[in-house]
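S.K.: First the structure, then my questions, so here it is.
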Amino acid sequence: MTIEATSGIEHHASRLNDPAKLKTRYASEARFRAYGIIALGIALAFLAGLFFSIISNGWSAFLQSEYRLDIYLDPAEIDPEGKRDVTRFGLADYTKMARAALSKAIDLPEKQDRAMKRDLKELLSRAVDVQIRDTVVADPSLIGKTVPIWLLAAGDVDSLLKGAIDRNVPEERRQLNNRQLQWVDKLAADSVLQKRFNSGLFTFGASSQPESSGLAVALIGSFFMMLTVALLAVPIGVAAAAYLEEFAPKSFWTDVIEVNINNLAAVPSIVFGLLGLAVFINFAGLPRSASIVGGLVLTLMTLPTIIIATRAAIRAVPPSIREAALGVGASKIQTLFHHTLPLAFPGIMTGTIVGLVQALGETAPLLMIGMVAFVVDIPTTATEPATALPVQIYMWATSAERGFVERTAGATIVLLGFLFVMNAAAVYLRRKFERKW
Amino acid sequence: MKYSAIVLAVLVVAAIAFVVAIARARAAQQGGSVKMHSRIGYYGWYAAIWTLLPALFLVFVWVVVEPIGLSRLIRAELPDNFHTLNAAQRSLIVGQIETISEGLSLLDPAGLDTLKKARLGFKPMSEAQQVLKDQGIVLGSAPEGYAVTAAVKLRDAREWSRMILAGLVGLVVLAGFAYSISSIRPRLRARNFVERVTLGGLIAASLVAILTTLGIVLSVLFETIHFFKLVSLSNFFLGTVWDPRFSAAGSGGAEGQFGLLPLLWGTLFISFVALAVAVPVGLFAAIYMSEYASQRVRNFAKPALEVLAGIPTIVYGFFALITFGPMLRDLGAMVGLNIAATSVLSAGIVMGVMIIPFVSSLSDDIISAVPQSLREGSYGLGATQSETIKRVIVPAALPGIVGAILLAASRAIGETMIVVLAAGIAANLTLNPFEPVTTITVKIVSQLTGDLEFDSPQTLVAFALGLTLFIITLALNVYALYIVRKYREQYE
Amino acid sequence: MEHQIVQDASIAEVPVAGPTITARDVNVFYGEKQALFDVSVDINRNSVTSFIGPSGCGKSTFLRCINRMNDTIPICRVTGDIRLDGENIYDTDLDVVELRARVGMVFQKPNPFPKSIYENVAYGPRIHGLTRSKKELDELVESCLEKAGLLKEVHDRLDEPGTGLSGGQQQRLCIARAIATRPEVILMDEPCSALDPIATAKVEELMDELKANYTIIIVTHSMQQAARVSQRTAFFHLGKLVEVGDTRQIFTNPRNKRTQDYITGRFG
């Protein structure tokens, strides 16, 4: 017995020290570690790929090809009666003037056949008509003079300059023919055609042409929505959190509210859209596509986030502060408003920004309430039709024209830029006001 | 009279009450020789609340009740054949009446006269339309005589209603004002009153969350019941074909097929692919970060992963559409696979990346919550770090991790924008991940963009789909949150 | 029927015969659990009374009954009768906020508000409307800091945060804050347990000065401290008031065996 036992121990000990066994164990350790690094690597690589794809597709959207043309504002065409009647200005054929100026810039003969006229016209954006008219309406005294105006190039010309159109493609399958290529090259060489900062991206509304469509309506719409969310969700959310954290007795009902809020935070956003459609539009009769409705839907969606963040911030205020205030005879409400909420303020702000970030990037519920709209005019109130930044991205992403891909990526950069700034603000607030108790 | 004018007037009176009450309280104080129960400001708020709240409540009631009463009134005015029209035509006429009644206030006497003559048949209706158009009120078609009559009635009734409201509000405001001012005494517990009202406000705010849930459930349920009156339950739940032909409402016949199964399959298929990406990557990343990574790596990697969660889903969708889908297609073509540009695979993988942070950050918290003593116990037996993780930590954290995965699954199922852009729109019962499928959320979007008619199954089916989605995700969420909470309690 | 709320600050300074606080048959329950059993005690005016006893004996619980701080704990229930100047403080008609202004409290850990020193002291007078002008408030703040023996140390930095002071100074700031509402009674819940010996000595010295104007009740773990600062001592054990009497008598000639065991260090 004794001998056997001893040998057993020896045997056991030798197994422990078995170098082969130990080696495989360490190899497995190294493998396991590698899996972790690979997983992290995959996630980060994807993140990098995403940003690279968006930026490489989108940076050129901030540039726009434009012609600097000397336009002769022909009084015979614009204002034949000489009455300087603004409503008459709209009837003139400005495209013809632009075409004439363009042909002069290329040094083409006065006499042109139909095909040549068409080829010339195709180099100009359809929006030049409006551009020249707006110049004339803004200053009628220019009529009869020759003025230099920056005019939008057609989307195809813009794509060519940005390298999105392959010159080696046979002429019959290329968007621009050989003659047009020649002209464009000459105009570019003469610096008549230039790539300039694309301010139109921020000032134009919806358009069927990529070069004349912009984010203005979406930016204003998103602004109104964020305003609605900030004005409604923050007070309601903070009040609800304060009640639940400081006053609510532990009861069945407060448990129900608690579970309910946690679940609302995880309800798919599209369901909030259904709620908005059924309640705000179908039942309450609010206008479709209006940013106020979008704001209301986003408010309901953001509320749980703000409540949860505020509760955490309130909970982080040590009870000794409340005791001190109560001890000198402050009421519970006074304690809340004089001490607890001010001390929880940085946390509340951070939570609010996180909620706003979420609301700003949200698309699906807005599709339900008709924010997918072709809105040309920039809204001035929250009840007028508008779109939102992410909805605009969705609409452009589903447009067929090549030029819209660039715009979509550009709009995405703008959206991500806003989100970046807001997140940076949240991080800054957290760092600046971080308090260790 | 407009509501805004009434509310503004009430606010002004409340402000006056505030000032008067403070003056009264000052006087009652007699230069400080009498101790007031509350600080002076509270007496001001006390009076302002008494003046404001009952009146605002009254206005609120009016806002809700008035439209109901007025629409009854219009309906009584309309000819019998109105009720035989379909919903779209009815709502058109009601809208027209509303527009005319709003326009009446803009017309001059001559215009009103034209309208009256047109109504009585002395002038053609097109002239009435023109008169309104001159004031910027555009009607789609020349109105019927009864519409103009109803519009005039509507205008009058609305004016009466607002007059009555203004009178009632006036009474309530004055009563509140008089009562509150006269009750100001040193012993009045103004602070307690103000604080009770404040607390009431806080409670009301926390009820908004409940009302939201209730609103979701009721509105979606209501429209769903409406839907099932038009389409049978078996068509929806057991149908394998999705073909909700967009036929004009009322044209009869073509009901369309509303089979849920292909959509449900598409949803689950894509979510499965997404989880197949997110669970291993998220879990290993979480384990690496909580157990191995140095503080420096952690400081960089944790926020970077959170960036993934902060990117709007529309951006992922766009990325899948223009870069990732085509890239997969080209890769597939290289090895001889036929992968569609919008496929289960591309949507699933991109969605998987999106939910990585949901898996990793919750798992990270949960793994970090495993007590150090368990780790030390394992190391004390000579286990390597990976053995400790595999045999001790992960089993201990398993319930929490399962909760995290379920939450991520619920995200994936409810995700919309990625699948709208990257999964395709054709309902497709397929096992091939290289083909496009469509999902519940995609179909909700496509059924609800464009013209809506709340009595056609083509629109209402979206609510039935929404309810299905809500129930699935709710069940997942409740169960996941329950597991996570249980787990947390265990180590607290 | 509204209770008498007009409180003249001068009352506390005029010695009146009889106890300030009388407690009769006080029971406290936390949910199902009873924490205090039939406590009856009188607290003398303008003196220091100390509550001693082992941890969890109910002395702090009883202290928190006197300004109804227990109200903040939802599951806590108090029965019995506690009177302050003959007035039942658990009367439903009594405003707890007024009560707490009359019964100040100093806590175990110094808990100044994260505001300036000035604001810490001024907060109480502000919410109770005790002063009518900024000048009056300034004077009140200075006199309270003076009474708390802190003015010399902080007079040139009243705008700096109270949390920046040392532990002992913070606790004296809390005492200044407590007396700023012109209370009659000051409750101190182990006020020196987080302080070093020098700071402790200062606070004890302060208590001795303050007792001329205020009725002070102190809960303490340290029997030496009780012996040093208090005139009367009450010994609690397992939720019951075992013995109460003159401090000297309690420490030299306790009537109860358990008291004797405790002060001689046999348990605790």
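Identifiers for the structure tokens are assigned positionally: chains receive A, B, ... in sequence, residues are indexed from 1 per chain, and ligands are indexed from 1 in the order shown.
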List every residue of stretch 1-78 of chain B that has an atom at most 12 Å from any atom of stretch 97-117 of chain C, giving for each one its closest atom pair and the distance in Å to one decimal, counting only C-alpha atoms, sorted by chain and then by ascending residue number, as JSON lines.
M.R.:
```
{"residue": "B:Met36", "atom": "CA", "partner": "C:Glu98", "partner_atom": "CA", "distance": 11.7}
{"residue": "B:His37", "atom": "CA", "partner": "C:Glu98", "partner_atom": "CA", "distance": 8.9}
{"residue": "B:Ser38", "atom": "CA", "partner": "C:Glu98", "partner_atom": "CA", "distance": 10.0}
```
S.K.: Go ahead and save the residues from that selection, with N, CA, C and O atoms, as a PDB file, in the first residue's frame.
M.R.:
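Contents of out32.pdb, freshly written:
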```pdb
ATOM      1  N   MET B  36     -43.072  85.105   8.412  1.00  0.00           N
ATOM      2  CA  MET B  36     -43.889  84.403   7.424  1.00  0.00           C
ATOM      3  C   MET B  36     -43.523  82.917   7.448  1.00  0.00           C
ATOM      4  O   MET B  36     -42.381  82.565   7.716  1.00  0.00           O
ATOM      5  N   HIS B  37     -44.470  82.065   7.111  1.00  0.00           N
ATOM      6  CA  HIS B  37     -44.164  80.640   7.073  1.00  0.00           C
ATOM      7  C   HIS B  37     -43.128  80.332   5.992  1.00  0.00           C
ATOM      8  O   HIS B  37     -42.183  79.592   6.212  1.00  0.00           O
ATOM      9  N   SER B  38     -43.355  80.903   4.795  1.00  0.00           N
ATOM     10  CA  SER B  38     -42.452  80.602   3.683  1.00  0.00           C
ATOM     11  C   SER B  38     -41.734  81.867   3.253  1.00  0.00           C
ATOM     12  O   SER B  38     -42.105  82.967   3.631  1.00  0.00           O
TER      13      SER B  38
END
```
S.K.: Determine, counting only C-alpha atoms, which protein, DNA and RNA residues have an atom within 9 Å of an atom of stretch 215-223 of chain B; residues of the same chain fewer than 4 positions away are not included. Present the result as a ChimeraX atom specification.
M.R.: /A:271-272,274-276,278-279 /B:210-211,227-228,454,460-461,463-464,466-467,470
S.K.: Hey, what does DSSP flag as alpha helix (DSSP H) within stretch 56-197 of chain C? Can you give it to me as a ChimeraX atom specification?
M.R.: /C:59-66,96-102,117-128,134-147,151-154,167-179,197
S.K.: With chain A as the partner and 7 Å as the cut-off, tabulate the residues of chain B that qualify, each row holding the nearest pair of atoms and their distance in Å to one decimal, using only C-alpha atoms, sorted by chain and rising number, as JSON lines.
M.R.:
```
{"residue": "B:Glu195", "atom": "CA", "partner": "A:Ile333", "partner_atom": "CA", "distance": 6.4}
{"residue": "B:Leu202", "atom": "CA", "partner": "A:Ala239", "partner_atom": "CA", "distance": 4.9}
{"residue": "B:Ile203", "atom": "CA", "partner": "A:Tyr243", "partner_atom": "CA", "distance": 6.2}
{"residue": "B:Ala205", "atom": "CA", "partner": "A:Ala240", "partner_atom": "CA", "distance": 4.9}
{"residue": "B:Ser206", "atom": "CA", "partner": "A:Ala240", "partner_atom": "CA", "distance": 4.0}
{"residue": "B:Ala209", "atom": "CA", "partner": "A:Ile261", "partner_atom": "CA", "distance": 6.3}
{"residue": "B:Ile210", "atom": "CA", "partner": "A:Ile257", "partner_atom": "CA", "distance": 6.4}
{"residue": "B:Thr212", "atom": "CA", "partner": "A:Leu300", "partner_atom": "CA", "distance": 6.9}
{"residue": "B:Gly215", "atom": "CA", "partner": "A:Leu275", "partner_atom": "CA", "distance": 6.7}
{"residue": "B:Ile216", "atom": "CA", "partner": "A:Leu275", "partner_atom": "CA", "distance": 5.2}
{"residue": "B:Ser219", "atom": "CA", "partner": "A:Ala278", "partner_atom": "CA", "distance": 6.0}
{"residue": "B:Val220", "atom": "CA", "partner": "A:Leu275", "partner_atom": "CA", "distance": 6.9}
{"residue": "B:Val281", "atom": "CA", "partner": "A:Ala39", "partner_atom": "CA", "distance": 4.6}
{"residue": "B:Phe284", "atom": "CA", "partner": "A:Gly36", "partner_atom": "CA", "distance": 4.7}
{"residue": "B:Ala285", "atom": "CA", "partner": "A:Leu40", "partner_atom": "CA", "distance": 5.0}
{"residue": "B:Ile287", "atom": "CA", "partner": "A:Gly36", "partner_atom": "CA", "distance": 6.9}
{"residue": "B:Tyr288", "atom": "CA", "partner": "A:Gly36", "partner_atom": "CA", "distance": 4.9}
{"residue": "B:Leu308", "atom": "CA", "partner": "A:Leu47", "partner_atom": "CA", "distance": 6.8}
{"residue": "B:Pro312", "atom": "CA", "partner": "A:Gly361", "partner_atom": "CA", "distance": 4.8}
{"residue": "B:Ile314", "atom": "CA", "partner": "A:Pro390", "partner_atom": "CA", "distance": 6.6}
{"residue": "B:Val315", "atom": "CA", "partner": "A:Thr412", "partner_atom": "CA", "distance": 6.7}
{"residue": "B:Phe318", "atom": "CA", "partner": "A:Ala397", "partner_atom": "CA", "distance": 6.6}
{"residue": "B:Phe319", "atom": "CA", "partner": "A:Leu50", "partner_atom": "CA", "distance": 6.6}
{"residue": "B:Thr323", "atom": "CA", "partner": "A:Ser53", "partner_atom": "CA", "distance": 6.9}
{"residue": "B:Val353", "atom": "CA", "partner": "A:Ala43", "partner_atom": "CA", "distance": 6.8}
{"residue": "B:Ser386", "atom": "CA", "partner": "A:Glu29", "partner_atom": "CA", "distance": 5.4}
{"residue": "B:Arg411", "atom": "CA", "partner": "A:Pro268", "partner_atom": "CA", "distance": 7.0}
{"residue": "B:Gly414", "atom": "CA", "partner": "A:Pro268", "partner_atom": "CA", "distance": 4.8}
{"residue": "B:Glu415", "atom": "CA", "partner": "A:Pro268", "partner_atom": "CA", "distance": 6.7}
{"residue": "B:Thr416", "atom": "CA", "partner": "A:Ala364", "partner_atom": "CA", "distance": 6.3}
{"residue": "B:Met417", "atom": "CA", "partner": "A:Ala364", "partner_atom": "CA", "distance": 6.4}
{"residue": "B:Val445", "atom": "CA", "partner": "A:Met368", "partner_atom": "CA", "distance": 6.6}
{"residue": "B:Leu448", "atom": "CA", "partner": "A:Met368", "partner_atom": "CA", "distance": 6.0}
{"residue": "B:Thr449", "atom": "CA", "partner": "A:Met368", "partner_atom": "CA", "distance": 6.5}
{"residue": "B:Gly466", "atom": "CA", "partner": "A:Val271", "partner_atom": "CA", "distance": 6.2}
{"residue": "B:Phe470", "atom": "CA", "partner": "A:Val271", "partner_atom": "CA", "distance": 6.9}
{"residue": "B:Thr473", "atom": "CA", "partner": "A:Val267", "partner_atom": "CA", "distance": 6.8}
{"residue": "B:Leu474", "atom": "CA", "partner": "A:Val267", "partner_atom": "CA", "distance": 7.0}
{"residue": "B:Asn477", "atom": "CA", "partner": "A:Asn263", "partner_atom": "CA", "distance": 6.4}
{"residue": "B:Val478", "atom": "CA", "partner": "A:Asn263", "partner_atom": "CA", "distance": 6.9}
```
S.K.: Using DSSP secondary structure from the backbone, list all strand (DSSP E) positions within stretch 162-361 of chain B, as a ChimeraX atom specification.
M.R.: /B:242-243,257-258
S.K.: Hey, can you spit out that residue selection with C-alpha atoms as a PDB file, in the first residue's frame?
M.R.:
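Output (result16.pdb):
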```pdb
ATOM      1  CA  TRP B 242     -45.272  38.249 -49.962  1.00  0.00           C
ATOM      2  CA  ASP B 243     -47.014  40.137 -52.739  1.00  0.00           C
ATOM      3  CA  GLN B 257     -50.715  38.080 -50.330  1.00  0.00           C
ATOM      4  CA  PHE B 258     -49.231  39.100 -47.014  1.00  0.00           C
TER       5      PHE B 258
END
```
S.K.: Please identify all polymer residues within 12 Å of B:Tyr482, counting only C-alpha atoms, omitting same-chain residues fewer than 2 positions from it, and present them as a ChimeraX atom specification.
M.R.: /A:259,262-263 /B:399-400,402-404,406-407,474-480,484-489
S.K.: What would the file look like if the residues just selected were written as a PDB file, in the first residue's frame with C-alpha atoms?
M.R.:
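Written out: again.pdb:
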```
ATOM      1  CA  VAL A 259     -38.661  48.024 -16.304  1.00  0.00           C
ATOM      2  CA  ASN A 262     -35.217  50.011 -19.688  1.00  0.00           C
ATOM      3  CA  ASN A 263     -37.281  48.270 -22.339  1.00  0.00           C
TER       4      ASN A 263
ATOM      5  CA  PRO B 399     -25.516  34.157 -17.884  1.00  0.00           C
ATOM      6  CA  GLY B 400     -24.494  37.779 -18.254  1.00  0.00           C
ATOM      7  CA  VAL B 402     -25.947  35.322 -22.842  1.00  0.00           C
ATOM      8  CA  GLY B 403     -27.953  38.379 -21.791  1.00  0.00           C
ATOM      9  CA  ALA B 404     -25.608  40.618 -23.747  1.00  0.00           C
ATOM     10  CA  LEU B 406     -29.720  38.416 -26.594  1.00  0.00           C
ATOM     11  CA  LEU B 407     -29.724  42.215 -26.401  1.00  0.00           C
ATOM     12  CA  LEU B 474     -39.722  42.951 -26.317  1.00  0.00           C
ATOM     13  CA  ALA B 475     -39.560  39.299 -25.371  1.00  0.00           C
ATOM     14  CA  LEU B 476     -35.814  39.225 -26.068  1.00  0.00           C
ATOM     15  CA  ASN B 477     -35.213  42.453 -24.145  1.00  0.00           C
ATOM     16  CA  VAL B 478     -37.252  41.515 -21.101  1.00  0.00           C
ATOM     17  CA  TYR B 479     -35.583  38.137 -20.886  1.00  0.00           C
ATOM     18  CA  ALA B 480     -32.089  39.558 -21.481  1.00  0.00           C
ATOM     19  CA  VAL B 484     -28.362  40.486 -16.661  1.00  0.00           C
ATOM     20  CA  ARG B 485     -30.007  41.824 -13.535  1.00  0.00           C
ATOM     21  CA  LYS B 486     -30.036  38.411 -11.907  1.00  0.00           C
ATOM     22  CA  TYR B 487     -26.390  38.055 -12.756  1.00  0.00           C
ATOM     23  CA  ARG B 488     -25.474  41.435 -11.289  1.00  0.00           C
ATOM     24  CA  GLU B 489     -27.299  40.679  -8.053  1.00  0.00           C
TER      25      GLU B 489
END
```
S.K.: Considering only C-alpha atoms, return as a list of chain:residue names whatever protein or nucleic-acid residues lie within 12 Å of C:Ile263, sequence-local ones (same chain, fewer than 3 positions apart) excluded.
M.R.: C:Ile52, C:Gly53, C:Pro54, C:His221, C:Ser222, C:Met223, C:Gln224, C:Ala226, C:Ala227, C:Thr233, C:Phe235, C:Phe236, C:Thr247, C:Gln249, C:Ile250, C:Phe251, C:Thr252, C:Asn253, C:Pro254, C:Arg255, C:Asn256, C:Lys257, C:Arg258, C:Thr259, C:Gln260, C:Arg266, C:Phe267, C:Gly268
S.K.: Give the residues of chain B that lie within 12 Å of chain C; count only C-alpha atoms, and format the answer as a compact mmCIF listing (two decimals) with all heavy atoms, in the first residue's frame.
M.R.:
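Once written, selection19.txt looks like this:
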```txt
# COMPACT_ATOMS: atom_id res chain seq x y z
N ARG B 26 -45.32 90.82 1.31
CA ARG B 26 -44.44 91.84 1.91
C ARG B 26 -45.23 92.64 2.94
O ARG B 26 -44.74 92.91 4.04
CB ARG B 26 -43.92 92.80 0.84
CG ARG B 26 -42.81 92.23 0.02
CD ARG B 26 -41.51 93.03 0.21
NE ARG B 26 -40.39 92.23 -0.25
CZ ARG B 26 -40.12 92.02 -1.54
NH1 ARG B 26 -40.85 92.62 -2.46
NH2 ARG B 26 -39.14 91.24 -1.90
N GLN B 29 -45.96 90.92 6.08
CA GLN B 29 -44.76 90.76 6.89
C GLN B 29 -44.59 91.92 7.86
O GLN B 29 -43.88 91.79 8.86
CB GLN B 29 -43.57 90.70 5.94
CG GLN B 29 -42.39 89.95 6.44
CD GLN B 29 -41.32 89.89 5.37
OE1 GLN B 29 -41.36 90.60 4.38
NE2 GLN B 29 -40.36 89.03 5.57
N GLY B 31 -42.90 94.74 7.71
CA GLY B 31 -41.54 95.20 7.92
C GLY B 31 -40.69 94.23 8.73
O GLY B 31 -39.72 94.61 9.36
N GLY B 32 -41.07 92.96 8.71
CA GLY B 32 -40.23 91.97 9.35
C GLY B 32 -40.65 91.64 10.77
O GLY B 32 -40.07 90.76 11.41
N SER B 33 -41.66 92.30 11.29
CA SER B 33 -42.06 92.01 12.66
C SER B 33 -42.87 90.73 12.74
O SER B 33 -42.94 90.10 13.80
CB SER B 33 -42.86 93.18 13.24
OG SER B 33 -44.01 93.40 12.46
N VAL B 34 -43.48 90.32 11.61
CA VAL B 34 -44.22 89.06 11.59
C VAL B 34 -43.42 88.05 10.79
O VAL B 34 -42.95 88.34 9.71
CB VAL B 34 -45.61 89.24 10.96
CG1 VAL B 34 -46.33 87.91 10.87
CG2 VAL B 34 -46.41 90.24 11.75
N LYS B 35 -43.27 86.88 11.38
CA LYS B 35 -42.52 85.84 10.66
C LYS B 35 -43.47 85.12 9.70
O LYS B 35 -44.50 84.60 10.11
CB LYS B 35 -41.95 84.87 11.69
CG LYS B 35 -41.32 83.62 11.14
CD LYS B 35 -39.87 83.85 10.74
CE LYS B 35 -39.15 82.54 10.43
NZ LYS B 35 -39.59 81.91 9.21
N MET B 36 -43.07 85.10 8.41
CA MET B 36 -43.89 84.40 7.42
C MET B 36 -43.52 82.92 7.45
O MET B 36 -42.38 82.57 7.72
CB MET B 36 -43.62 84.94 6.02
CG MET B 36 -43.83 86.43 5.85
SD MET B 36 -45.55 86.90 6.03
CE MET B 36 -46.23 86.37 4.46
N HIS B 37 -44.47 82.06 7.11
CA HIS B 37 -44.16 80.64 7.07
C HIS B 37 -43.13 80.33 5.99
O HIS B 37 -42.18 79.59 6.21
CB HIS B 37 -45.43 79.81 6.83
CG HIS B 37 -45.14 78.37 6.57
ND1 HIS B 37 -44.84 77.89 5.32
CD2 HIS B 37 -45.07 77.30 7.40
CE1 HIS B 37 -44.60 76.60 5.40
NE2 HIS B 37 -44.74 76.22 6.65
N SER B 38 -43.36 80.90 4.80
CA SER B 38 -42.45 80.60 3.68
C SER B 38 -41.73 81.87 3.25
O SER B 38 -42.10 82.97 3.63
CB SER B 38 -43.24 80.06 2.50
OG SER B 38 -44.08 79.01 2.90
N ARG B 39 -40.71 81.69 2.46
CA ARG B 39 -40.03 82.85 1.90
C ARG B 39 -40.99 83.55 0.95
O ARG B 39 -41.85 82.92 0.34
CB ARG B 39 -38.78 82.41 1.14
CG ARG B 39 -37.91 81.54 1.98
CD ARG B 39 -36.54 82.10 2.27
NE ARG B 39 -36.37 83.50 1.97
CZ ARG B 39 -35.32 83.97 1.32
NH1 ARG B 39 -34.42 83.15 0.87
NH2 ARG B 39 -35.21 85.26 1.14
N ILE B 40 -40.76 84.86 0.78
CA ILE B 40 -41.71 85.68 0.05
C ILE B 40 -41.99 85.15 -1.36
O ILE B 40 -43.14 85.09 -1.81
CB ILE B 40 -41.18 87.13 -0.05
CG1 ILE B 40 -40.98 87.73 1.34
CG2 ILE B 40 -42.11 87.99 -0.88
CD1 ILE B 40 -42.25 87.90 2.10
N GLY B 41 -40.92 84.70 -2.06
CA GLY B 41 -41.08 84.25 -3.44
C GLY B 41 -42.12 83.15 -3.58
O GLY B 41 -42.85 83.08 -4.58
N TYR B 42 -42.21 82.28 -2.58
CA TYR B 42 -43.15 81.17 -2.68
C TYR B 42 -44.60 81.65 -2.76
O TYR B 42 -45.44 81.01 -3.37
CB TYR B 42 -42.99 80.22 -1.48
CG TYR B 42 -41.76 79.36 -1.58
CD1 TYR B 42 -40.68 79.54 -0.73
CD2 TYR B 42 -41.69 78.35 -2.53
CE1 TYR B 42 -39.56 78.75 -0.82
CE2 TYR B 42 -40.58 77.56 -2.63
CZ TYR B 42 -39.51 77.76 -1.77
OH TYR B 42 -38.40 76.97 -1.88
N PRO B 186 -49.58 85.22 6.89
CA PRO B 186 -48.27 84.75 7.35
C PRO B 186 -48.23 83.24 7.55
O PRO B 186 -47.21 82.61 7.34
CB PRO B 186 -48.09 85.48 8.68
CG PRO B 186 -48.93 86.68 8.57
CD PRO B 186 -50.10 86.32 7.70
N ARG B 187 -49.37 82.67 7.97
CA ARG B 187 -49.33 81.25 8.29
C ARG B 187 -49.57 80.35 7.08
O ARG B 187 -49.51 79.14 7.18
CB ARG B 187 -50.37 80.94 9.37
CG ARG B 187 -49.99 81.52 10.71
CD ARG B 187 -50.84 80.92 11.78
NE ARG B 187 -52.23 80.89 11.40
CZ ARG B 187 -53.21 80.62 12.24
NH1 ARG B 187 -52.94 80.37 13.50
NH2 ARG B 187 -54.46 80.61 11.85
N LEU B 188 -49.85 80.95 5.94
CA LEU B 188 -50.11 80.15 4.74
C LEU B 188 -48.86 79.37 4.36
O LEU B 188 -47.78 79.93 4.23
CB LEU B 188 -50.51 81.06 3.57
CG LEU B 188 -50.73 80.33 2.26
CD1 LEU B 188 -52.01 79.54 2.30
CD2 LEU B 188 -50.72 81.30 1.10
N ARG B 189 -49.03 78.06 4.16
CA ARG B 189 -47.86 77.25 3.82
C ARG B 189 -47.64 77.25 2.32
O ARG B 189 -47.86 76.25 1.64
CB ARG B 189 -48.07 75.83 4.33
CG ARG B 189 -48.17 75.77 5.82
CD ARG B 189 -48.34 74.36 6.26
NE ARG B 189 -48.15 74.29 7.70
CZ ARG B 189 -47.96 73.14 8.34
NH1 ARG B 189 -47.94 72.03 7.66
NH2 ARG B 189 -47.80 73.13 9.64
N ARG B 191 -44.89 77.45 0.59
CA ARG B 191 -43.82 76.60 0.06
C ARG B 191 -44.31 75.16 -0.11
O ARG B 191 -44.08 74.54 -1.13
CB ARG B 191 -42.62 76.61 1.00
CG ARG B 191 -41.50 75.69 0.53
CD ARG B 191 -40.28 75.71 1.44
NE ARG B 191 -40.62 75.49 2.83
CZ ARG B 191 -40.99 74.31 3.32
NH1 ARG B 191 -41.07 73.26 2.56
NH2 ARG B 191 -41.30 74.19 4.59
N ASN B 192 -45.02 74.67 0.89
CA ASN B 192 -45.50 73.29 0.81
C ASN B 192 -46.40 73.10 -0.40
O ASN B 192 -46.33 72.10 -1.10
CB ASN B 192 -46.26 72.92 2.08
CG ASN B 192 -45.42 73.16 3.31
OD1 ASN B 192 -44.73 74.18 3.39
ND2 ASN B 192 -45.45 72.25 4.24
```
